[in-house]
>>> print(open('start.txt').read())   # compact mmCIF, C-alpha atoms
# COMPACT_ATOMS: atom_id res chain seq x y z
CA MET A 1 -25.35 33.28 6.84
CA MET A 2 -27.77 34.81 9.32
CA ILE A 3 -27.31 33.25 12.74
CA ASN A 4 -30.97 33.88 13.63
CA ARG A 5 -32.27 32.16 10.53
CA ILE A 6 -30.63 28.81 11.15
CA CYS A 7 -31.05 25.91 13.52
CA VAL A 8 -28.40 23.34 14.33
CA CYS A 9 -29.04 19.63 14.80
CA PRO A 10 -28.35 18.74 18.46
CA ASP A 11 -27.05 15.25 17.60
CA CYS A 12 -25.05 15.62 14.38
CA ASP A 13 -24.26 19.36 14.22
CA LEU A 14 -25.74 19.87 10.75
CA VAL A 15 -26.91 23.41 9.94
CA PHE A 16 -30.41 23.95 8.58
CA GLU A 17 -32.43 26.92 7.55
CA ARG A 18 -35.03 27.50 10.24
CA PRO A 19 -38.21 25.89 8.91
CA ALA A 20 -41.57 27.61 9.15
CA LEU A 21 -43.84 25.21 11.02
CA ALA A 22 -47.60 25.03 11.09
CA ASN A 23 -49.33 24.36 14.42
CA GLY A 24 -48.36 21.02 15.91
CA GLN A 25 -45.69 20.26 13.31
CA ALA A 26 -42.16 19.18 14.13
CA ALA A 27 -38.99 19.21 12.01
CA GLU A 28 -36.48 16.37 12.05
CA CYS A 29 -32.89 16.28 10.97
CA GLY A 30 -32.60 14.61 7.56
CA ARG A 31 -29.25 13.01 8.44
CA CYS A 32 -29.63 11.60 11.95
CA GLY A 33 -33.36 11.93 12.65
CA ALA A 34 -33.10 14.13 15.74
CA ARG A 35 -35.88 16.56 16.56
CA LEU A 36 -34.82 20.02 15.37
CA CYS A 37 -37.71 22.17 16.43
CA GLN A 38 -41.41 21.86 16.93
CA SER A 39 -44.46 23.99 17.16
CA LYS A 40 -46.57 23.50 20.25
CA PRO A 41 -50.02 25.05 20.06
CA HIS A 42 -51.39 26.38 23.38
CA PHE A 43 -48.18 25.37 25.07
CA VAL A 44 -48.39 27.95 27.87
CA ASP A 45 -51.97 27.10 28.84
CA LYS A 46 -51.40 23.36 28.65
CA THR A 47 -48.23 23.51 30.76
CA LEU A 48 -49.98 25.74 33.28
CA ALA A 49 -52.95 23.37 33.56
CA PHE A 50 -50.99 20.11 33.81
CA SER A 51 -48.35 21.40 36.22
CA LEU A 52 -51.05 22.87 38.48
CA ALA A 53 -52.90 19.54 38.42
CA GLY A 54 -49.66 17.77 39.31
CA LEU A 55 -49.02 20.13 42.22
CA LEU A 56 -52.55 19.54 43.57
CA PHE A 57 -51.99 15.77 43.46
CA TYR A 58 -48.51 16.09 44.95
CA ILE A 59 -49.23 16.54 48.68
CA PRO A 60 -51.75 13.68 49.14
CA ALA A 61 -49.62 11.45 46.90
CA ASN A 62 -46.62 11.95 49.14
CA THR A 63 -48.22 11.87 52.57
CA LEU A 64 -51.04 9.30 52.34
CA PRO A 65 -50.18 5.59 52.54
CA VAL A 66 -49.57 3.94 49.18
CA LEU A 67 -49.51 0.24 50.12
CA THR A 68 -50.32 -1.64 53.35
CA LEU A 69 -49.29 -5.21 54.11
CA LEU A 70 -51.28 -7.41 56.52
CA ILE A 71 -49.73 -10.61 57.88
CA LEU A 72 -51.17 -12.53 60.86
CA GLY A 73 -53.13 -9.53 62.05
CA MET A 74 -50.12 -7.22 61.93
CA ASP A 75 -49.81 -4.45 59.43
CA SER A 76 -47.19 -2.10 58.11
CA THR A 77 -47.65 0.75 55.71
CA ASN A 78 -45.57 2.36 53.03
CA SER A 79 -45.82 5.95 51.89
CA MET A 80 -43.42 7.90 49.68
CA MET A 81 -41.75 9.56 52.65
CA ASN A 82 -41.39 6.77 55.20
CA GLY A 83 -39.34 4.60 52.84
CA VAL A 84 -36.79 7.38 52.71
CA GLN A 85 -36.90 7.79 56.51
CA GLN A 86 -36.42 4.06 57.05
CA LEU A 87 -33.40 3.91 54.74
CA PHE A 88 -31.90 6.94 56.44
CA SER A 89 -32.35 5.56 59.95
CA ASP A 90 -30.83 2.24 58.81
CA GLY A 91 -27.70 4.17 57.87
CA TYR A 92 -28.14 4.04 54.08
CA TRP A 93 -28.02 7.82 53.76
CA TRP A 94 -26.69 7.87 50.17
CA MET A 95 -29.50 5.62 48.94
CA SER A 96 -32.13 7.48 50.95
CA PHE A 97 -30.83 10.78 49.53
CA LEU A 98 -31.14 9.42 45.97
CA VAL A 99 -34.62 8.02 46.47
CA LEU A 100 -35.70 11.28 48.15
CA LEU A 101 -34.22 13.31 45.30
CA CYS A 102 -35.64 11.29 42.41
CA SER A 103 -39.08 10.47 43.75
CA VAL A 104 -39.97 13.40 46.05
CA VAL A 105 -37.80 16.52 45.71
CA VAL A 106 -37.17 16.76 41.95
CA PRO A 107 -40.81 16.09 40.89
CA LEU A 108 -41.92 18.91 43.23
CA ILE A 109 -39.31 21.39 41.97
CA ASP A 110 -39.93 20.34 38.37
CA LEU A 111 -43.71 20.83 38.63
CA SER A 112 -43.41 24.16 40.48
CA LEU A 113 -40.83 25.50 38.02
CA MET A 114 -42.98 24.51 35.04
CA PHE A 115 -45.97 26.18 36.71
CA PHE A 116 -44.11 29.42 37.40
CA ILE A 117 -42.44 29.46 33.97
CA ALA A 118 -45.81 29.09 32.24
CA LEU A 119 -47.27 31.76 34.55
CA GLY A 120 -44.36 34.07 33.78
CA LEU A 121 -44.79 33.54 30.03
CA LYS A 122 -48.52 34.20 30.30
CA MET A 123 -48.07 37.37 32.33
CA PRO A 124 -44.83 38.97 31.13
CA ARG A 125 -44.76 41.54 33.92
CA LEU A 126 -44.88 38.97 36.73
CA PHE A 127 -41.17 38.12 37.05
CA PRO A 128 -38.04 39.88 35.83
CA ARG A 129 -36.85 38.23 32.61
CA ALA A 130 -33.57 37.09 34.19
CA TYR A 131 -35.47 35.12 36.88
CA LEU A 132 -37.60 33.44 34.25
CA ILE A 133 -34.48 32.41 32.29
CA LYS A 134 -32.87 31.05 35.47
CA MET A 135 -35.98 28.99 36.21
CA MET A 136 -36.05 27.61 32.67
CA CYS A 137 -32.38 26.61 32.97
CA TRP A 138 -32.87 24.84 36.29
CA GLN A 139 -35.99 23.04 35.13
CA HIS A 140 -34.02 21.72 32.14
CA ARG A 141 -31.12 20.55 34.30
CA LEU A 142 -33.24 18.86 36.96
CA LYS A 143 -36.03 17.23 34.98
CA GLU A 144 -33.98 14.15 34.09
CA TRP A 145 -33.62 13.28 37.79
CA GLY A 146 -37.36 13.19 38.39
CA MET A 147 -38.36 9.52 38.14
CA THR A 148 -42.04 9.39 38.99
CA GLU A 149 -42.77 6.82 36.28
CA VAL A 150 -39.96 4.52 37.46
CA TYR A 151 -41.32 4.75 41.02
CA MET A 152 -44.77 3.78 39.73
CA LEU A 153 -43.30 0.62 38.21
CA GLY A 154 -41.54 0.02 41.54
CA ILE A 155 -44.89 0.15 43.37
CA LEU A 156 -46.35 -2.36 40.90
CA VAL A 157 -43.43 -4.76 41.29
CA ALA A 158 -43.50 -4.48 45.10
CA TYR A 159 -47.25 -5.15 45.05
CA ILE A 160 -46.96 -8.28 42.91
CA LYS A 161 -43.95 -9.51 44.91
CA MET A 162 -45.83 -9.25 48.20
CA ILE A 163 -49.11 -10.85 47.08
CA SER A 164 -47.82 -14.27 48.15
CA MET A 165 -46.71 -13.06 51.60
CA GLY A 166 -49.98 -11.79 52.95
CA LYS A 167 -52.93 -9.54 52.32
CA ILE A 168 -51.93 -6.35 50.61
CA LEU A 169 -54.09 -3.24 50.58
CA ILE A 170 -53.91 -0.27 48.26
CA GLY A 171 -53.80 2.96 50.23
CA ALA A 172 -55.51 6.27 49.54
CA GLY A 173 -52.25 7.73 48.31
CA LEU A 174 -52.03 5.54 45.21
CA PRO A 175 -54.80 7.20 43.14
CA PHE A 176 -53.26 10.59 43.90
CA PHE A 177 -49.86 9.25 42.93
CA VAL A 178 -51.21 7.98 39.61
CA GLY A 179 -52.87 11.36 39.07
CA MET A 180 -49.57 13.09 39.73
CA LEU A 181 -47.74 10.72 37.37
CA VAL A 182 -50.20 11.41 34.53
CA SER A 183 -49.99 15.17 35.14
CA VAL A 184 -46.19 15.13 35.16
CA MET A 185 -46.09 13.18 31.89
CA LEU A 186 -48.62 15.46 30.19
CA ALA A 187 -46.79 18.56 31.46
CA HIS A 188 -43.53 17.22 30.02
CA LEU A 189 -45.27 16.52 26.72
CA SER A 190 -46.59 20.07 26.49
CA TYR A 191 -43.48 21.87 27.76
CA ASP A 192 -40.22 22.09 25.85
CA THR A 193 -37.21 24.15 26.96
CA GLU A 194 -36.16 25.29 23.50
CA TYR A 195 -39.68 26.19 22.50
CA ALA A 196 -40.11 28.13 25.74
CA PHE A 197 -36.93 30.11 25.04
CA ASP A 198 -38.06 30.87 21.48
CA TYR A 199 -41.45 31.94 22.83
CA LEU A 200 -39.73 34.25 25.33
CA ASP A 201 -37.62 35.74 22.52
CA GLU A 202 -40.69 36.59 20.47
CA GLN A 203 -42.38 38.08 23.51
CA GLY A 204 -39.30 40.13 24.42
CA SER A 205 -39.62 42.34 21.35
CA TYR A 206 -42.27 44.63 22.88
CA ASP A 207 -40.85 44.51 26.38
CA MET B 1 -26.40 18.58 -1.53
CA THR B 2 -23.78 20.42 0.46
CA GLU B 3 -23.88 19.69 4.14
CA ILE B 4 -22.86 22.55 6.37
CA ILE B 5 -21.37 21.47 9.69
CA ALA B 6 -21.86 24.01 12.47
CA LYS B 7 -18.44 23.38 13.98
CA ASN B 8 -16.67 24.16 10.69
CA GLN B 9 -18.58 27.44 10.50
CA LEU B 10 -17.63 28.17 14.13
CA ILE B 11 -21.22 28.00 15.23
CA ALA B 12 -21.91 26.52 18.67
CA ARG B 13 -25.37 25.31 19.55
CA CYS B 14 -26.31 25.92 23.19
CA HIS B 15 -26.82 22.54 24.83
CA LEU B 16 -29.58 23.96 27.02
CA CYS B 17 -31.68 26.45 25.03
CA GLY B 18 -30.66 25.37 21.51
CA LYS B 19 -29.66 28.83 20.30
CA PRO B 20 -26.85 28.80 17.74
CA SER B 21 -24.12 31.35 18.48
CA SER B 22 -21.10 32.44 16.53
CA PHE B 23 -17.74 31.39 17.91
CA VAL B 24 -15.81 33.63 15.52
CA GLY B 25 -12.99 35.41 17.33
CA ILE B 26 -12.94 32.96 20.24
CA PRO B 27 -10.15 30.33 20.26
CA ILE B 28 -11.60 26.85 19.53
CA ASN B 29 -10.76 25.38 22.92
CA TYR B 30 -12.17 28.29 24.89
CA SER B 31 -15.65 28.30 26.27
CA ALA B 32 -18.13 31.13 26.38
CA SER B 33 -21.64 31.71 27.72
CA CYS B 34 -24.80 31.48 25.70
CA PRO B 35 -26.16 35.00 25.06
CA ARG B 36 -29.73 33.78 25.56
CA CYS B 37 -29.65 31.55 28.66
CA GLY B 38 -26.16 32.18 30.07
CA SER B 39 -25.17 28.53 30.24
CA HIS B 40 -21.80 27.13 29.25
CA LEU B 41 -21.19 27.26 25.49
CA GLU B 42 -18.68 25.08 23.67
CA LEU B 43 -18.23 23.82 20.12
CA ARG B 44 -17.76 20.32 21.58
CA ILE B 45 -17.81 19.14 25.19
CA ARG B 46 -14.22 19.55 26.31
CA ASP B 47 -12.34 16.26 26.94
CA SER B 48 -15.61 14.41 26.39
CA VAL B 49 -13.92 11.08 25.58
CA SER B 50 -11.60 10.99 28.60
CA LYS B 51 -14.29 12.24 31.02
CA THR B 52 -16.72 9.59 29.78
CA TRP B 53 -14.04 6.87 30.02
CA ALA B 54 -13.30 7.92 33.60
CA LEU B 55 -16.97 7.66 34.57
CA LEU B 56 -17.40 4.35 32.75
CA ILE B 57 -14.40 2.79 34.51
CA THR B 58 -15.77 4.05 37.84
CA ALA B 59 -19.12 2.45 37.04
CA ALA B 60 -17.46 -0.82 35.99
CA ILE B 61 -15.56 -0.98 39.30
CA LEU B 62 -18.70 -0.18 41.29
CA MET B 63 -20.56 -2.95 39.44
CA ILE B 64 -18.44 -5.50 41.34
CA PRO B 65 -19.60 -4.66 44.90
CA ALA B 66 -23.09 -3.96 43.54
CA ASN B 67 -23.36 -7.56 42.34
CA VAL B 68 -21.30 -9.35 45.00
CA TYR B 69 -22.78 -7.80 48.15
CA PRO B 70 -26.41 -8.42 49.06
CA VAL B 71 -28.90 -5.71 48.18
CA MET B 72 -31.52 -6.83 50.65
CA THR B 73 -32.27 -9.47 53.25
CA VAL B 74 -35.74 -10.86 53.92
CA ILE B 75 -35.93 -12.02 57.56
CA SER B 76 -38.97 -14.13 58.31
CA PHE B 77 -39.45 -15.66 61.80
CA GLY B 78 -35.80 -15.02 62.66
CA ARG B 79 -34.46 -16.74 59.57
CA GLY B 80 -33.24 -14.90 56.55
CA SER B 81 -30.88 -15.14 53.65
CA PRO B 82 -29.19 -12.15 52.07
CA ASP B 83 -29.98 -11.69 48.40
CA THR B 84 -27.72 -10.22 45.78
CA ILE B 85 -29.24 -8.74 42.63
CA MET B 86 -28.82 -12.00 40.71
CA SER B 87 -30.01 -14.31 43.49
CA GLY B 88 -33.06 -12.06 43.90
CA VAL B 89 -33.88 -12.66 40.25
CA THR B 90 -33.43 -16.44 40.53
CA LEU B 91 -35.62 -16.43 43.65
CA LEU B 92 -38.37 -14.71 41.68
CA ILE B 93 -38.03 -17.38 38.97
CA HIS B 94 -38.35 -20.12 41.63
CA HIS B 95 -41.54 -18.50 42.85
CA GLY B 96 -42.84 -18.57 39.28
CA MET B 97 -43.00 -14.79 38.90
CA TYR B 98 -41.44 -14.76 35.44
CA PRO B 99 -42.57 -11.31 34.19
CA ILE B 100 -41.32 -9.61 37.37
CA ALA B 101 -38.08 -11.58 37.23
CA ALA B 102 -37.55 -10.49 33.63
CA LEU B 103 -38.31 -6.88 34.55
CA VAL B 104 -35.91 -6.78 37.48
CA PHE B 105 -33.26 -8.61 35.45
CA MET B 106 -33.55 -6.06 32.65
CA ALA B 107 -33.52 -3.02 34.92
CA SER B 108 -30.73 -4.09 37.27
CA ILE B 109 -28.44 -6.22 35.12
CA LEU B 110 -29.10 -5.81 31.39
CA VAL B 111 -29.44 -2.02 31.42
CA PRO B 112 -26.21 -1.26 33.34
CA VAL B 113 -24.25 -3.81 31.28
CA PHE B 114 -25.70 -2.49 28.04
CA LYS B 115 -24.80 1.06 29.08
CA LEU B 116 -21.19 0.12 29.86
CA VAL B 117 -20.70 -1.97 26.71
CA GLY B 118 -22.56 0.47 24.45
CA PHE B 119 -20.62 3.51 25.61
CA SER B 120 -17.32 1.63 25.44
CA VAL B 121 -17.97 0.63 21.82
CA LEU B 122 -18.99 4.19 20.90
CA LEU B 123 -15.90 5.65 22.58
CA LEU B 124 -13.57 3.11 20.96
CA ALA B 125 -15.13 3.85 17.58
CA ILE B 126 -14.52 7.57 18.11
CA GLN B 127 -10.95 7.10 19.37
CA TYR B 128 -9.82 4.65 16.73
CA LYS B 129 -11.91 6.14 13.91
CA TRP B 130 -13.79 2.94 13.10
CA ARG B 131 -16.02 2.92 10.08
CA ILE B 132 -19.40 2.61 11.75
CA ASN B 133 -22.94 3.29 10.68
CA HIS B 134 -23.32 6.76 12.18
CA ARG B 135 -27.08 6.71 12.21
CA GLN B 136 -27.13 3.40 14.08
CA ALA B 137 -24.48 4.63 16.52
CA THR B 138 -26.66 7.67 17.22
CA ILE B 139 -29.65 5.40 17.85
CA VAL B 140 -27.53 3.37 20.31
CA TYR B 141 -26.61 6.61 22.09
CA ARG B 142 -30.24 7.77 22.29
CA PHE B 143 -31.32 4.36 23.57
CA ILE B 144 -28.65 4.36 26.30
CA HIS B 145 -29.67 7.87 27.30
CA PHE B 146 -33.33 6.85 27.47
CA ILE B 147 -32.99 3.60 29.43
CA GLY B 148 -30.53 4.95 32.02
CA ARG B 149 -33.16 6.16 34.46
CA TRP B 150 -34.97 2.81 34.59
CA SER B 151 -32.09 1.25 36.53
CA MET B 152 -33.38 3.12 39.58
CA LEU B 153 -36.26 0.63 39.65
CA ASP B 154 -34.55 -1.80 42.00
CA LEU B 155 -33.67 0.97 44.48
CA PHE B 156 -37.26 2.19 44.53
CA ILE B 157 -38.50 -1.38 45.08
CA ILE B 158 -36.11 -1.74 48.05
CA SER B 159 -37.21 1.59 49.53
CA ILE B 160 -40.86 0.49 49.25
CA LEU B 161 -40.23 -2.99 50.67
CA VAL B 162 -38.21 -1.89 53.72
CA THR B 163 -41.24 -0.03 55.07
CA LEU B 164 -43.91 -2.29 53.65
CA VAL B 165 -42.39 -5.37 55.25
CA SER B 166 -41.45 -4.22 58.74
CA LEU B 167 -43.52 -6.56 60.89
CA GLY B 168 -41.13 -7.24 63.72
CA LYS B 169 -40.47 -10.98 64.21
CA VAL B 170 -42.86 -12.10 61.46
CA ALA B 171 -41.07 -10.50 58.56
CA THR B 172 -38.68 -7.65 58.01
CA ILE B 173 -36.61 -6.58 55.05
CA GLU B 174 -33.23 -5.00 55.53
CA THR B 175 -31.13 -3.18 52.99
CA GLY B 176 -27.67 -4.47 52.10
CA ALA B 177 -24.38 -2.79 51.21
CA GLY B 178 -24.76 -3.76 47.55
CA ALA B 179 -27.64 -1.32 47.18
CA THR B 180 -25.39 1.65 47.93
CA ALA B 181 -22.90 0.54 45.28
CA PHE B 182 -25.72 -0.07 42.81
CA ALA B 183 -27.14 3.42 43.45
CA SER B 184 -23.70 4.82 42.64
CA VAL B 185 -23.54 2.80 39.39
CA VAL B 186 -26.83 4.35 38.28
CA VAL B 187 -25.71 7.91 39.10
CA VAL B 188 -22.26 7.53 37.53
CA THR B 189 -23.63 6.05 34.28
CA MET B 190 -26.25 8.81 34.07
CA LEU B 191 -23.45 11.37 34.43
CA ALA B 192 -21.49 9.53 31.71
CA ALA B 193 -24.43 10.01 29.34
CA HIS B 194 -24.04 13.75 29.97
CA THR B 195 -20.30 14.01 29.39
CA PHE B 196 -20.52 11.98 26.17
CA ASP B 197 -20.74 14.28 23.16
CA GLN B 198 -22.89 12.52 20.53
CA ARG B 199 -21.72 14.94 17.83
CA LEU B 200 -18.32 13.23 17.92
CA ILE B 201 -19.94 10.25 16.17
CA TRP B 202 -20.78 12.47 13.20
CA ASP B 203 -17.43 14.29 13.33
CA LEU B 204 -16.02 10.90 12.38
CA LEU B 205 -18.09 10.92 9.18
CA ASN B 206 -17.17 14.54 8.45
CA GLU B 207 -13.47 13.73 8.79
CA GLN B 208 -13.78 10.59 6.66
CA THR B 209 -15.57 12.39 3.83
CA SER B 210 -13.12 15.27 3.86
CA GLU B 211 -10.22 12.78 3.78
CA SER B 212 -11.64 10.85 0.83
CA GLY B 213 -12.44 14.16 -0.86
CA GLU B 214 -8.83 15.19 -0.60
CA GLY B 215 -7.66 11.83 -1.90
CA SER B 216 -9.61 11.95 -5.16
>>> encode(input="start.txt", output="structure tokens")
Amino acid sequence: MMINRICVCPDCDLVFERPALANGQAAECGRCGARLCQSKPHFVDKTLAFSLAGLLFYIPANTLPVLTLLILGMDSTNSMMNGVQQLFSDGYWWMSFLVLLCSVVVPLIDLSLMFFIALGLKMPRLFPRAYLIKMMCWQHRLKEWGMTEVYMLGILVAYIKMISMGKILIGAGLPFFVGMLVSVMLAHLSYDTEYAFDYLDEQGSYD
Amino acid sequence: MTEIIAKNQLIARCHLCGKPSSFVGIPINYSASCPRCGSHLELRIRDSVSKTWALLITAAILMIPANVYPVMTVISFGRGSPDTIMSGVTLLIHHGMYPIAALVFMASILVPVFKLVGFSVLLLAIQYKWRINHRQATIVYRFIHFIGRWSMLDLFIISILVTLVSLGKVATIETGAGATAFASVVVVTMLAAHTFDQRLIWDLLNEQTSESGEGS
């Protein structure tokens, strides 16, 4: 049995012969239904485009106000960062660390890593191979802790909850945040760790 | 159709990059590094069942302060009542915000409970070799893995509300101790999803078929 000719199901450990896939096709395990491998046409260009878009949206999304509440002529504003600051200064450092990690830090690292990985795959001489592999590993480990979409739902719930309390205004940061969310989701759809490693393997032959 | 199981052929699939590697010549309980990405390579996650149990019990204990202590207090004109997760949901129902109440209830109560119960059943099935539907058990595992992150919803809502509603004497929202415990529940159950080895579900089937094969 040739070890390079097989693929193993991640969920049930069944061994398959590596299928030849046409563009855009995916293979599923016949026993448990897990995704075995997939072909992603234009994966480098798509990842590059979506992660760059996400990075452009990132700074305004995180610094501009997202929601503003007006009650009796007084107002207070929420942005991504000041919620974290408020929790920290109230002494809830563990919670503020988690919110900072999941909504601010990990999305930034995730987007930048995807951008640099795609750049490195497009221009093979840009980074040493070992750096590229390290980046791909860290992106895979961290991506689960990025929770942009959960935060978006949180904004919606907070908005609806506060409607009855006073006048609530949508800040300039929200459109940028939505833009970032869409870019992150599209980048995750176009990027896949295993596919990126296989792509790097094929590329490595003439290195 | 003959089904070839990677573990029986001493083939370990890298959990990170997916590359299958031969484990021939390495003792079963040893670990190695993946030749392609350098990450930890094992045939099965070592002590997966006991590690996952440990994290689940931790999460179950943390669930108590998370639900007993208030997660946030709304103070309006000097008066305020602390709200636990459950009383926050009932308050939303009183205000007639049913969809939001359902959403918060699902994210903060149903999801953590489902994760604890689901993982416990899977682990018990693996330990006591229950005859389960392996495909369904795998679907349960995938579902638990997928919904885990949505429990963070309540924490994000609190972090938004503490700054959004900070209007001095008119209205302020303060965080409560329960939120810290709840944050820990989310993290610990997400870690449990990582230490759980879903291939153990199918090892059960492999053992059962080999046993019945020997019997006939």
>>> closest_atom_pairs(input="start.txt", of="chain A", to="chain B", cutoff="7 Å", atoms="only C-alpha atoms", output="CSV")
residue,atom,partner,partner_atom,distance
A:Ile3,CA,B:Pro20,CA,6.7
A:Cys7,CA,B:Pro20,CA,6.6
A:Val8,CA,B:Arg13,CA,6.3
A:Asp11,CA,B:Arg199,CA,5.3
A:Cys12,CA,B:Arg199,CA,4.8
A:Asp13,CA,B:Ala6,CA,5.5
A:Leu14,CA,B:Ile5,CA,4.8
A:Val15,CA,B:Ile4,CA,5.5
A:Cys32,CA,B:Arg135,CA,5.5
A:Thr68,CA,B:Leu164,CA,6.4
A:Leu69,CA,B:Leu164,CA,6.1
A:Met74,CA,B:Leu167,CA,6.7
A:Asp75,CA,B:Leu167,CA,6.8
A:Ser76,CA,B:Leu164,CA,5.5
A:Thr77,CA,B:Leu164,CA,5.2
A:Asn78,CA,B:Leu164,CA,5.0
A:Asn82,CA,B:Thr163,CA,6.8
A:Gly83,CA,B:Ser159,CA,5.0
A:Val84,CA,B:Ser159,CA,6.6
A:Gln86,CA,B:Thr163,CA,6.6
A:Leu87,CA,B:Ser159,CA,6.9
A:Trp94,CA,B:Thr180,CA,6.7
A:Met95,CA,B:Thr180,CA,5.8
A:Val99,CA,B:Phe156,CA,6.7
A:Ile133,CA,B:Cys37,CA,6.1
A:Val150,CA,B:Leu153,CA,5.8
A:Tyr151,CA,B:Phe156,CA,5.9
A:Gly154,CA,B:Ile157,CA,4.9
A:Ile155,CA,B:Ile157,CA,6.8
A:Val157,CA,B:Ile100,CA,6.6
A:Ala158,CA,B:Ile157,CA,5.9
A:Thr193,CA,B:Cys17,CA,6.3
A:Glu194,CA,B:Cys17,CA,4.9
A:Phe197,CA,B:Cys17,CA,6.4
>>> residues_around(input="start.txt", residues="A:Trp138", least_positions_apart="2", cutoff="12 Å", atoms="all atoms listed in the file", output="ChimeraX atom specification")
/A:106,109-114,117,131-136,140-145,193 /B:16-17,37-39
>>> atom_distance(input="start.txt", atom1="atom CA of A:Ser164", atom2="atom CA of A:Val178")
24.1 Å
>>> atom_distance(input="start.txt", atom1="atom CA of A:Phe176", atom2="atom CA of A:Pro65")
10.4 Å
>>> atom_distance(input="start.txt", atom1="atom CA of A:Ser103", atom2="atom CA of A:Met180")
11.5 Å
>>> closest_residue(input="start.txt", among="B:Ile144, B:Val186, B:Leu191, B:Ala107", to="B:Ala66", atoms="only C-alpha atoms")
B:Val186
>>> decode(input="start.txt", residues="stretch 142-167 of chain A", atoms="C-alpha atoms", output="short mmCIF file (atom, residue, chain, number, x, y, z; two decimals), in the first residue's frame")
data_model
loop_
_atom_site.label_atom_id
_atom_site.label_comp_id
_atom_site.auth_asym_id
_atom_site.auth_seq_id
_atom_site.Cartn_x
_atom_site.Cartn_y
_atom_site.Cartn_z
CA LEU A 142 -6.32 29.62 16.11
CA LYS A 143 -9.17 29.90 13.62
CA GLU A 144 -11.69 28.18 15.89
CA TRP A 145 -11.28 30.93 18.50
CA GLY A 146 -12.21 33.70 16.08
CA MET A 147 -15.91 34.39 16.66
CA THR A 148 -16.78 37.32 14.44
CA GLU A 149 -20.14 35.83 13.47
CA VAL A 150 -21.12 35.21 17.11
CA TYR A 151 -20.22 38.82 17.92
CA MET A 152 -22.43 40.00 15.05
CA LEU A 153 -25.38 38.13 16.58
CA GLY A 154 -24.45 39.72 19.92
CA ILE A 155 -24.69 43.20 18.36
CA LEU A 156 -28.14 42.34 16.95
CA VAL A 157 -29.41 41.04 20.28
CA ALA A 158 -28.03 44.06 22.18
CA TYR A 159 -29.68 46.37 19.63
CA ILE A 160 -33.11 44.74 19.95
CA LYS A 161 -32.81 44.56 23.74
CA MET A 162 -32.10 48.29 24.02
CA ILE A 163 -34.79 49.53 21.62
CA SER A 164 -37.25 49.84 24.51
CA MET A 165 -34.80 51.79 26.71
CA GLY A 166 -34.13 54.75 24.51
CA LYS A 167 -33.08 55.90 21.08
#
